[in-house]
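Coordinates as given in my_file18.txt (compact mmCIF, C-alpha atoms):
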```txt
# COMPACT_ATOMS: atom_id res chain seq x y z
CA MET U 1 104.29 115.19 128.88
CA ASP U 2 100.71 114.11 128.29
CA ILE U 3 99.39 114.47 124.76
CA PRO U 4 96.00 116.18 124.88
CA TYR U 5 92.86 114.84 123.21
CA VAL U 6 94.00 111.22 123.00
CA VAL U 7 90.72 110.19 124.59
CA LYS U 8 89.01 113.41 125.57
CA LEU U 9 87.33 115.18 122.66
CA ARG U 10 88.57 118.61 121.62
CA GLU U 11 85.96 121.21 122.53
CA ASP U 12 85.83 122.93 119.14
CA THR U 13 85.85 119.87 116.84
CA ASN U 14 84.38 117.20 119.12
CA LEU U 15 87.06 114.84 117.85
CA TYR U 16 90.04 113.03 119.33
CA ASN U 17 93.46 113.28 117.64
CA ALA U 18 93.62 109.88 116.01
CA LYS U 19 90.29 110.34 114.27
CA VAL U 20 91.42 113.56 112.60
CA GLY U 21 94.69 111.83 111.72
CA ILE U 22 93.13 108.78 110.11
CA TRP U 23 90.70 110.88 108.05
CA LEU U 24 93.52 113.08 106.77
CA PHE U 25 95.44 109.93 105.89
CA LEU U 26 92.40 108.43 104.13
CA ALA U 27 92.00 111.68 102.19
CA SER U 28 95.53 111.22 100.85
CA GLU U 29 94.72 107.59 100.08
CA VAL U 30 91.69 108.64 98.05
CA MET U 31 93.98 110.76 95.90
CA LEU U 32 96.55 107.96 95.59
CA PHE U 33 94.04 105.41 94.35
CA GLY U 34 92.27 108.15 92.38
CA ALA U 35 95.47 108.81 90.45
CA LEU U 36 95.82 105.09 89.69
CA PHE U 37 92.18 104.81 88.59
CA SER U 38 92.80 107.83 86.39
CA SER U 39 95.81 106.03 84.86
CA TYR U 40 93.62 102.98 84.29
CA ILE U 41 91.01 105.04 82.43
CA LEU U 42 93.60 106.73 80.22
CA LEU U 43 95.40 103.46 79.46
CA ARG U 44 92.14 101.79 78.61
CA VAL U 45 90.68 104.45 76.35
CA GLY U 46 94.10 104.88 74.73
CA ALA U 47 94.44 101.18 73.94
CA PRO U 48 94.08 100.41 70.24
CA PRO U 49 90.73 98.78 69.44
CA GLY U 50 90.67 95.09 70.19
CA THR U 51 93.80 95.02 72.32
CA TRP U 52 92.31 95.49 75.80
CA PRO U 53 91.96 92.02 77.33
CA HIS U 54 88.61 90.67 78.49
CA GLY U 55 87.90 87.60 80.56
CA LEU U 56 91.44 86.93 81.78
CA LEU U 57 90.48 87.12 85.44
CA ASN U 58 88.46 84.50 87.25
CA ILE U 59 85.11 86.09 88.11
CA PRO U 60 83.88 83.49 90.67
CA ILE U 61 87.16 83.88 92.58
CA GLY U 62 86.91 87.67 92.39
CA THR U 63 83.30 87.52 93.60
CA PHE U 64 84.31 85.27 96.48
CA ASN U 65 87.11 87.64 97.47
CA THR U 66 84.67 90.56 97.36
CA THR U 67 82.37 88.66 99.72
CA VAL U 68 85.31 87.91 102.01
CA LEU U 69 86.21 91.62 102.26
CA ILE U 70 82.59 92.68 102.80
CA THR U 71 82.33 90.09 105.58
CA SER U 72 85.50 91.42 107.17
CA SER U 73 84.05 94.93 107.07
CA ILE U 74 81.00 93.97 109.09
CA THR U 75 83.06 91.99 111.60
CA VAL U 76 85.29 95.04 112.13
CA VAL U 77 82.33 97.28 112.85
CA MET U 78 80.73 94.59 115.04
CA ALA U 79 83.99 94.31 116.99
CA TRP U 80 83.91 98.05 117.63
CA ALA U 81 80.21 97.88 118.64
CA SER U 82 81.05 95.01 121.03
CA LEU U 83 83.64 97.16 122.77
CA LYS U 84 81.15 100.01 122.97
CA MET U 85 78.84 97.59 124.78
CA GLY U 86 81.72 96.50 127.03
CA ASN U 87 81.95 92.98 125.64
CA PHE U 88 85.63 92.26 125.11
CA GLY U 89 85.05 88.55 124.37
CA LYS U 90 82.82 89.33 121.40
CA PHE U 91 85.34 91.88 120.18
CA ARG U 92 88.01 89.19 120.12
CA PHE U 93 85.65 86.81 118.30
CA TYR U 94 84.72 89.29 115.57
CA GLN U 95 88.29 90.48 115.02
CA ALA U 96 89.49 86.87 114.76
CA ILE U 97 87.04 86.47 111.86
CA THR U 98 88.38 89.71 110.36
CA LEU U 99 91.92 88.36 110.50
CA LEU U 100 90.83 85.07 108.93
CA CYS U 101 89.11 87.01 106.15
CA ALA U 102 92.28 89.06 105.56
CA LEU U 103 94.35 85.90 105.40
CA SER U 104 91.85 84.26 103.02
CA PHE U 105 91.82 87.31 100.75
CA LEU U 106 95.61 87.41 100.50
CA THR U 107 95.90 83.65 100.00
CA ILE U 108 93.35 83.69 97.19
CA LYS U 109 95.10 86.68 95.61
CA THR U 110 98.40 84.78 95.76
CA PHE U 111 96.84 81.87 93.85
CA GLU U 112 95.43 84.29 91.30
CA TYR U 113 98.88 85.82 90.81
CA ARG U 114 100.47 82.38 90.55
CA ASP U 115 98.05 81.49 87.77
CA LYS U 116 99.01 84.65 85.88
CA PHE U 117 102.75 84.00 86.25
CA THR U 118 102.33 80.57 84.65
CA HIS U 119 99.91 81.67 81.92
CA TYR U 120 101.46 82.73 78.62
CA GLU U 121 100.85 84.51 75.37
CA VAL U 122 102.71 83.46 72.24
CA TRP U 123 103.12 85.88 69.33
CA LYS U 124 103.97 83.91 66.22
CA THR U 125 106.00 85.14 63.28
CA ASP U 126 102.98 84.73 60.99
CA GLY U 127 101.15 87.40 63.00
CA THR U 128 98.83 85.09 64.93
CA ARG U 129 98.67 84.95 68.72
CA LEU U 130 97.56 82.39 71.24
CA THR U 131 97.36 82.14 74.99
CA GLY U 132 97.70 79.11 77.24
CA HIS U 133 99.89 77.21 79.64
CA ILE U 134 103.30 75.82 78.72
CA GLU U 135 103.89 72.17 79.52
CA GLY U 136 105.64 71.81 82.87
CA THR U 137 103.98 75.03 84.14
CA PRO U 138 107.16 77.15 84.19
CA TRP U 139 107.13 80.59 85.84
CA PHE U 140 108.13 83.90 84.25
CA TRP U 141 109.41 82.63 80.92
CA ASN U 142 109.88 85.17 78.15
CA THR U 143 111.38 85.34 74.67
CA ALA U 144 114.92 85.42 76.06
CA THR U 145 114.28 82.24 78.07
CA LEU U 146 113.83 80.28 74.83
CA LYS U 147 117.38 81.17 73.76
CA GLN U 148 118.89 80.76 77.21
CA LYS U 149 117.47 77.26 77.48
CA ASN U 150 118.32 76.43 73.85
CA LEU U 151 114.80 75.21 73.22
CA ASP U 152 113.84 74.25 69.69
CA HIS U 153 110.13 74.06 70.54
CA ILE U 154 107.67 74.54 73.38
CA THR U 155 104.45 72.66 74.03
CA VAL U 156 101.49 74.95 74.75
CA HIS U 157 98.04 73.98 75.97
CA PRO U 158 96.05 76.77 74.31
CA ASP U 159 93.04 78.49 75.85
CA ALA U 160 89.70 78.03 74.15
CA ARG U 161 89.54 81.73 73.29
CA HIS U 162 91.96 84.58 72.92
CA TYR U 163 91.40 87.56 75.22
CA SER U 164 90.95 89.95 72.32
CA GLU U 165 87.84 88.11 71.17
CA PRO U 166 84.54 89.72 72.21
CA ILE U 167 83.91 88.67 75.78
CA HIS U 168 80.37 87.38 75.42
CA ALA U 169 80.84 85.84 72.02
CA HIS U 170 82.27 82.70 73.45
CA ALA U 171 80.39 80.15 75.47
CA ALA U 172 83.45 79.39 77.60
CA GLY U 173 83.34 82.97 78.96
CA ALA U 174 85.12 83.36 82.24
CA LYS U 175 86.16 79.72 82.28
CA ALA U 176 88.50 80.28 79.37
CA GLU U 177 91.50 81.11 81.49
CA HIS U 178 91.48 77.84 83.33
CA GLY U 179 91.75 74.23 82.53
CA ALA U 180 88.15 73.95 81.39
CA GLY U 181 88.97 75.79 78.17
CA HIS U 182 92.30 74.13 77.41
CA ALA U 183 93.00 72.00 74.38
CA ALA U 184 95.62 69.28 74.20
CA GLY U 185 99.26 70.32 73.91
CA VAL U 186 100.48 71.90 70.67
CA SER U 187 104.16 71.91 69.79
CA ILE U 188 105.38 75.28 68.51
CA PRO U 189 108.91 75.59 67.06
CA THR U 190 110.78 78.48 68.71
CA ALA U 191 111.77 79.71 65.24
CA GLU U 192 108.07 80.53 64.73
CA ILE U 193 107.82 82.54 67.97
CA SER U 194 108.45 86.27 67.74
CA ARG U 195 107.53 86.99 71.36
CA LEU U 196 106.71 84.99 74.47
CA SER U 197 105.46 86.52 77.70
CA ALA U 198 103.78 85.33 80.86
CA PHE U 199 100.89 87.45 82.16
CA VAL U 200 103.26 89.67 84.10
CA PRO U 201 103.29 93.50 84.28
CA GLY U 202 105.61 93.63 81.26
CA HIS U 203 103.08 91.71 79.15
CA SER U 204 100.82 94.71 78.47
CA THR U 205 99.50 97.94 79.93
CA TYR U 206 96.48 95.94 81.13
CA PHE U 207 98.60 93.71 83.33
CA ALA U 208 100.82 96.62 84.37
CA ILE U 209 97.85 98.51 85.81
CA TYR U 210 96.20 95.30 87.09
CA PHE U 211 99.25 94.33 89.14
CA THR U 212 99.89 97.91 90.30
CA LEU U 213 96.33 98.37 91.55
CA THR U 214 95.82 94.94 93.08
CA ALA U 215 99.29 94.69 94.65
CA LEU U 216 98.95 98.13 96.23
CA HIS U 217 95.53 97.12 97.50
CA ALA U 218 96.90 93.80 98.82
CA LEU U 219 99.64 95.73 100.65
CA HIS U 220 96.91 97.76 102.32
CA VAL U 221 95.10 94.56 103.32
CA PHE U 222 98.37 93.23 104.75
CA GLY U 223 99.12 96.48 106.62
CA GLY U 224 95.58 96.68 107.99
CA ALA U 225 95.70 93.06 109.10
CA LEU U 226 99.00 93.70 110.92
CA VAL U 227 97.45 96.57 112.89
CA ILE U 228 94.25 94.66 113.62
CA GLY U 229 96.33 91.62 114.62
CA TYR U 230 98.45 93.72 116.97
CA LEU U 231 95.35 95.22 118.62
CA TRP U 232 93.80 91.75 118.84
CA GLY U 233 96.90 90.33 120.53
CA PRO U 234 99.52 92.28 122.49
CA GLY U 235 97.86 95.66 121.97
CA ALA U 236 94.67 94.45 123.69
CA LYS U 237 96.30 94.97 127.08
CA LEU U 238 95.23 98.60 126.83
CA TRP U 239 91.60 97.50 127.28
CA ARG U 240 92.33 96.75 130.95
CA THR U 241 93.93 100.12 131.68
CA ASP U 242 92.14 102.51 129.33
CA PRO U 243 89.12 100.94 127.59
CA GLU U 244 88.07 104.18 125.93
CA GLN U 245 91.42 104.75 124.26
CA PHE U 246 91.49 101.12 123.18
CA THR U 247 88.00 101.47 121.65
CA ASN U 248 89.20 104.57 119.82
CA ARG U 249 92.14 102.63 118.38
CA ILE U 250 89.76 99.95 117.17
CA GLU U 251 87.57 102.60 115.57
CA VAL U 252 90.55 104.15 113.76
CA SER U 253 91.92 100.82 112.53
CA GLY U 254 88.37 99.96 111.46
CA LEU U 255 88.08 103.15 109.41
CA PHE U 256 91.22 102.17 107.53
CA TRP U 257 89.88 98.66 106.99
CA HIS U 258 86.58 99.95 105.61
CA PHE U 259 88.51 102.14 103.20
CA VAL U 260 90.41 99.09 101.95
CA ASP U 261 87.05 97.37 101.40
CA LEU U 262 85.72 100.46 99.66
CA VAL U 263 88.64 100.50 97.19
CA TRP U 264 88.04 96.84 96.36
CA ILE U 265 84.35 97.57 95.70
CA PHE U 266 85.54 99.65 92.73
CA LEU U 267 88.51 97.48 91.75
CA PHE U 268 86.40 94.35 91.37
CA PRO U 269 84.01 95.54 88.62
CA VAL U 270 86.65 97.68 86.91
CA LEU U 271 89.25 94.93 86.59
CA TYR U 272 87.15 91.75 86.53
CA LEU U 273 83.91 92.67 84.85
CA LEU U 274 84.28 95.65 82.52
CA MET D 275 80.59 102.80 127.49
CA SER D 276 77.68 103.82 125.30
CA ASP D 277 74.11 102.88 125.91
CA PRO D 278 73.84 99.19 124.85
CA GLN D 279 70.33 99.69 123.43
CA HIS D 280 71.56 102.52 121.24
CA ILE D 281 74.45 100.39 119.96
CA ALA D 282 72.09 97.43 119.45
CA LYS D 283 70.07 99.60 117.06
CA HIS D 284 73.25 100.34 115.15
CA VAL D 285 74.03 96.64 114.94
CA LYS D 286 70.72 96.03 113.15
CA VAL D 287 71.65 98.73 110.62
CA TYR D 288 75.10 97.13 110.11
CA ILE D 289 73.53 93.78 109.35
CA THR D 290 71.08 95.36 106.89
CA VAL D 291 73.96 97.16 105.15
CA PHE D 292 75.95 93.91 105.02
CA ILE D 293 73.06 92.15 103.28
CA ALA D 294 72.66 95.08 100.88
CA LEU D 295 76.37 94.88 100.01
CA LEU D 296 76.10 91.17 99.28
CA VAL D 297 73.04 91.74 97.10
CA GLY D 298 74.87 94.57 95.31
CA THR D 299 77.78 92.27 94.57
CA LEU D 300 75.47 89.58 93.18
CA VAL D 301 73.64 92.15 91.03
CA THR D 302 76.96 93.44 89.64
CA VAL D 303 78.13 89.94 88.73
CA GLY D 304 74.67 89.03 87.38
CA MET D 305 74.77 92.11 85.17
CA TYR D 306 78.04 90.86 83.68
CA TYR D 307 76.42 87.60 82.63
CA PHE D 308 73.27 89.39 81.42
CA HIS D 309 75.44 91.58 79.14
CA PHE D 310 74.09 94.71 77.53
CA ASP D 311 74.81 95.56 73.90
CA SER D 312 76.26 98.94 74.82
CA VAL D 313 79.57 98.97 76.68
CA ALA D 314 78.77 102.47 77.97
CA VAL D 315 75.56 101.19 79.61
CA THR D 316 77.45 98.28 81.20
CA ILE D 317 80.12 100.61 82.60
CA THR D 318 77.52 103.10 83.87
CA ILE D 319 75.47 100.45 85.67
CA ALA D 320 78.52 98.69 87.16
CA LEU D 321 79.97 101.96 88.46
CA PHE D 322 76.56 103.09 89.75
CA ILE D 323 76.19 99.89 91.81
CA ALA D 324 79.79 100.21 93.05
CA THR D 325 79.10 103.83 94.08
CA VAL D 326 75.96 102.80 95.98
CA LYS D 327 77.90 100.03 97.76
CA ALA D 328 80.77 102.40 98.57
CA SER D 329 78.29 104.96 99.92
CA LEU D 330 76.79 102.33 102.21
CA VAL D 331 80.22 101.39 103.56
CA ALA D 332 81.26 105.03 104.02
CA GLY D 333 77.89 106.15 105.39
CA PHE D 334 77.17 103.39 107.87
CA PHE D 335 80.30 101.32 108.57
CA MET D 336 82.47 104.46 108.64
CA HIS D 337 79.68 106.47 110.33
CA LEU D 338 79.80 109.32 107.84
CA VAL D 339 76.02 109.78 108.10
CA SER D 340 76.53 111.24 111.56
CA GLU D 341 80.08 112.54 111.63
CA ARG D 342 81.53 115.81 112.94
CA LYS D 343 81.76 118.93 110.80
CA ALA D 344 85.57 118.92 110.79
CA ILE D 345 85.59 115.49 109.12
CA TYR D 346 83.07 116.70 106.51
CA ALA D 347 85.36 119.67 105.85
CA ILE D 348 88.35 117.38 105.25
CA LEU D 349 86.26 115.21 102.94
CA ALA D 350 84.83 118.21 101.07
CA PHE D 351 88.37 119.15 100.04
CA THR D 352 89.09 115.55 99.08
CA ALA D 353 85.89 115.29 97.06
CA PHE D 354 86.72 118.56 95.27
CA PHE D 355 90.21 117.45 94.24
CA PHE D 356 89.07 113.92 93.40
CA ALA D 357 86.29 115.28 91.20
CA GLY D 358 88.84 117.60 89.56
CA LEU D 359 91.17 114.69 88.91
CA MET D 360 88.40 112.63 87.32
CA ALA D 361 87.16 115.61 85.29
CA LEU D 362 90.67 116.15 83.92
CA THR D 363 90.94 112.43 83.18
CA ILE D 364 87.67 112.34 81.27
CA TRP D 365 88.61 115.54 79.45
CA ALA D 366 91.99 114.05 78.51
CA ALA D 367 90.33 110.80 77.45
CA HIS D 368 88.48 112.72 74.76
CA ASP D 369 91.83 113.61 73.24
CA TYR D 370 92.10 110.06 72.01
CA PRO D 371 90.56 110.05 68.55
CA GLU D 372 89.61 106.40 68.88
CA THR D 373 88.10 106.55 72.36
CA SER D 374 84.65 105.59 71.23
CA GLN D 375 86.07 102.76 69.17
CA SER D 376 88.27 101.34 71.89
CA LEU D 377 85.32 101.15 74.25
CA GLN D 378 83.44 99.21 71.64
CA ARG D 379 84.58 95.65 71.46
CA ALA D 380 86.33 96.10 68.18
CA PRO D 381 87.46 93.42 65.74
CA HIS D 382 90.27 91.44 67.31
CA PRO D 383 93.64 90.82 65.75
CA ALA D 384 94.61 87.55 64.16
CA VAL D 385 94.36 84.72 66.60
CA ALA D 386 95.85 81.34 66.01
CA PRO D 387 93.25 78.89 64.75
CA ALA D 388 92.14 76.07 66.98
CA PRO D 389 95.05 73.68 67.02
CA HIS D 390 94.83 70.40 65.21
CA VAL D 391 96.02 67.66 67.45
CA PRO D 392 96.79 64.44 65.65
```

Please render this file's structure as structure tokens.
Amino acid sequence: MDIPYVVKLREDTNLYNAKVGIWLFLASEVMLFGALFSSYILLRVGAPPGTWPHGLLNIPIGTFNTTVLITSSITVVMAWASLKMGNFGKFRFYQAITLLCALSFLTIKTFEYRDKFTHYEVWKTDGTRLTGHIEGTPWFWNTATLKQKNLDHITVHPDARHYSEPIHAHAAGAKAEHGAGHAAGVSIPTAEISRLSAFVPGHSTYFAIYFTLTALHALHVFGGALVIGYLWGPGAKLWRTDPEQFTNRIEVSGLFWHFVDLVWIFLFPVLYLL
Amino acid sequence: MSDPQHIAKHVKVYITVFIALLVGTLVTVGMYYFHFDSVAVTITIALFIATVKASLVAGFFMHLVSERKAIYAILAFTAFFFAGLMALTIWAAHDYPETSQSLQRAPHPAVAPAPHVP
């Protein structure tokens, strides 16, 4: 049985099936991310004064990743325009750049995550706190790890500023999270540590919502890249038999990709800058 | 396939939008380094720029400036419920007695002094 309106437009709506489908899906996605943004707002305004972190994310890297996604958005639309003009070679070229951008974005995000999983906060029994990297760059240590490993002290390379300090008050600014702001190692007896946590979701509501939002977004990037990759490779055979349907598929996958870019346009300032 | 000249016109628009998005990103980041005294002003400007950028993507890359009525109808419902969600969020946010304080960069808790390394 032939499915109607796969290529031919429906007379009353002037749309083909997949286009209605992708817009309905994107509508549900708007509500999904909307709910998470809503959670972010409530967590942030509900945070006790001075506890919401500032400057823990690397702004130049975030800016670069934003540029990468914006670039991928134009290559997606250029790929679609190339097909509309009947130029399959250019389509392949532009979508190859899109896939490279997707790969770059995810790779950079992985490095950002890695840095968080090896970056720690130490709560001391005297009430003071400091952040930094533990010597040996271990992953995912917490308070229980100190007992499990029978450690009597840890050596921490502290950051130049703590995240609760006013963001613009310190000259180190966004550099604080990386090596540029690190002092030499300080030995802290474990008896003086009341809590130890890497910058993982369990560290704070800030990191819980940061990882939820960015990981969900990264999953979308990954899913979108899979579809675009399929249509770039094996799925491209359709171009020879039904170019119009193939162009429609590219348009629909492109709409999803632009939405992923659109979400990042909000995530970047909200998580990195504000 | 569509008229190549017609598509070529679109391509020029796409490139213009791409440049505008890059400029918008630079302005947003520049604003962060410029830093305003009021957090509310910073948030308003950053979200305004993000909204303009998102509108450009939706309007031109996603072709919403010239889309069919059925798509607009779907999006009208989405916009309604999204606006409702945000309105409820903002309303609920005012339930926090310290909202205005937490958006100010309030005094920070005790932080370990700069370590003395012998």

Contacts of Tyr113 (chain U) within 9 Å, all atoms listed in the file, excl. fewer than 5 positions in-chain, as a ChimeraX atom specification: /U:108,118,200,211

I'd like the box whose edges run along x, y and z of the file and which contains every listed atom of region 247-262 of chain U, padded by 4 Å per side; could you state its centre and edge lengths in Å, one decimal, as AutoDock Vina command-line options?
```
--center_x 88.9 --center_y 101.0 --center_z 110.7 --size_x 14.4 --size_y 15.2 --size_z 30.0
```

Two-atom distance - CA of Met336 (chain D), CA of His258 (chain U) (Å): 6.8 Å

D:Leu321, D:Ile281, D:Ala328, D:Val313 ranked by distance to Ala294 (chain D), top pick (using only C-alpha atoms):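 Using only C-alpha atoms, the shortest distance to Ala294 (chain D) belongs to D:Ala328.
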
Computed interatomic separation between CA of Ser194 (chain U) and CA of Thr125 (chain U) (Å):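 CA of Ser194 (chain U) sits 5.2 Å away from CA of Thr125 (chain U).
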
Expected residue set, 12 Å radius at (81.7, 109.5, 114.2), only C-alpha atoms, as a list in words: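 Taken together, the residues in range are Leu9, Thr13, Asn14, Leu15, Tyr16, Lys19, Val20, Trp23, Asn248, Glu251, Val252, Gly254 and Leu255 of chain U; Ala332, Gly333, Phe334, Phe335, Met336, His337, Leu338, Val339, Ser340, Glu341, Arg342, Lys343, Ala344, Ile345 and Tyr346 of chain D.
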
Option closest in space to Leu267 (chain U), from D:Ala324, D:Val287, D:Leu295, D:Val301 [counting only C-alpha atoms]: D:Ala324

Distance query Ala191 (chain U) at most 12 Å, all atoms listed in the file, self and fewer than 5 positions along chain excluded, as a list in words: Trp123, Lys124, Thr125, Asp126, Thr143, Leu146, Lys147, Asn150, Leu151, Asp152, His153, Ile154 and Leu196 of chain U

Interface residues on chain U facing chain D, 6 Å, all atoms listed in the file, written as a list of chain:residue names: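 Close enough to count are U:Ala27, U:Ser38, U:Leu42, U:Val45, U:Pro49, U:Gly50, U:Lys84, U:Met85, U:Thr128, U:Arg129, U:Leu130, U:Ser164, U:Glu165, U:Pro166, U:Leu255, U:Leu262, U:Ile265, U:Phe266.
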
Separation of CA of Asp115 (chain U) from CA of Trp139 (chain U), in Å and rounded to one decimal: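 Computing it gives 9.3 Å between the two atoms.
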
Given only C-alpha atoms as the counted atoms, nearest of U:Leu238, U:Met78, U:Ala215, U:Ala198 to Ile134 (chain U):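 Once distances to Ile134 (chain U) are computed over only C-alpha atoms, the minimum belongs to U:Ala198.
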
Shell around Val156 (chain U) at 7 Å using all atoms listed in the file, local window under 6 positions removed, as a list in words: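 So the residues in contact are Gly132, His133, Ile134, Glu135, Gly185, Val186 and Ser187 of chain U.
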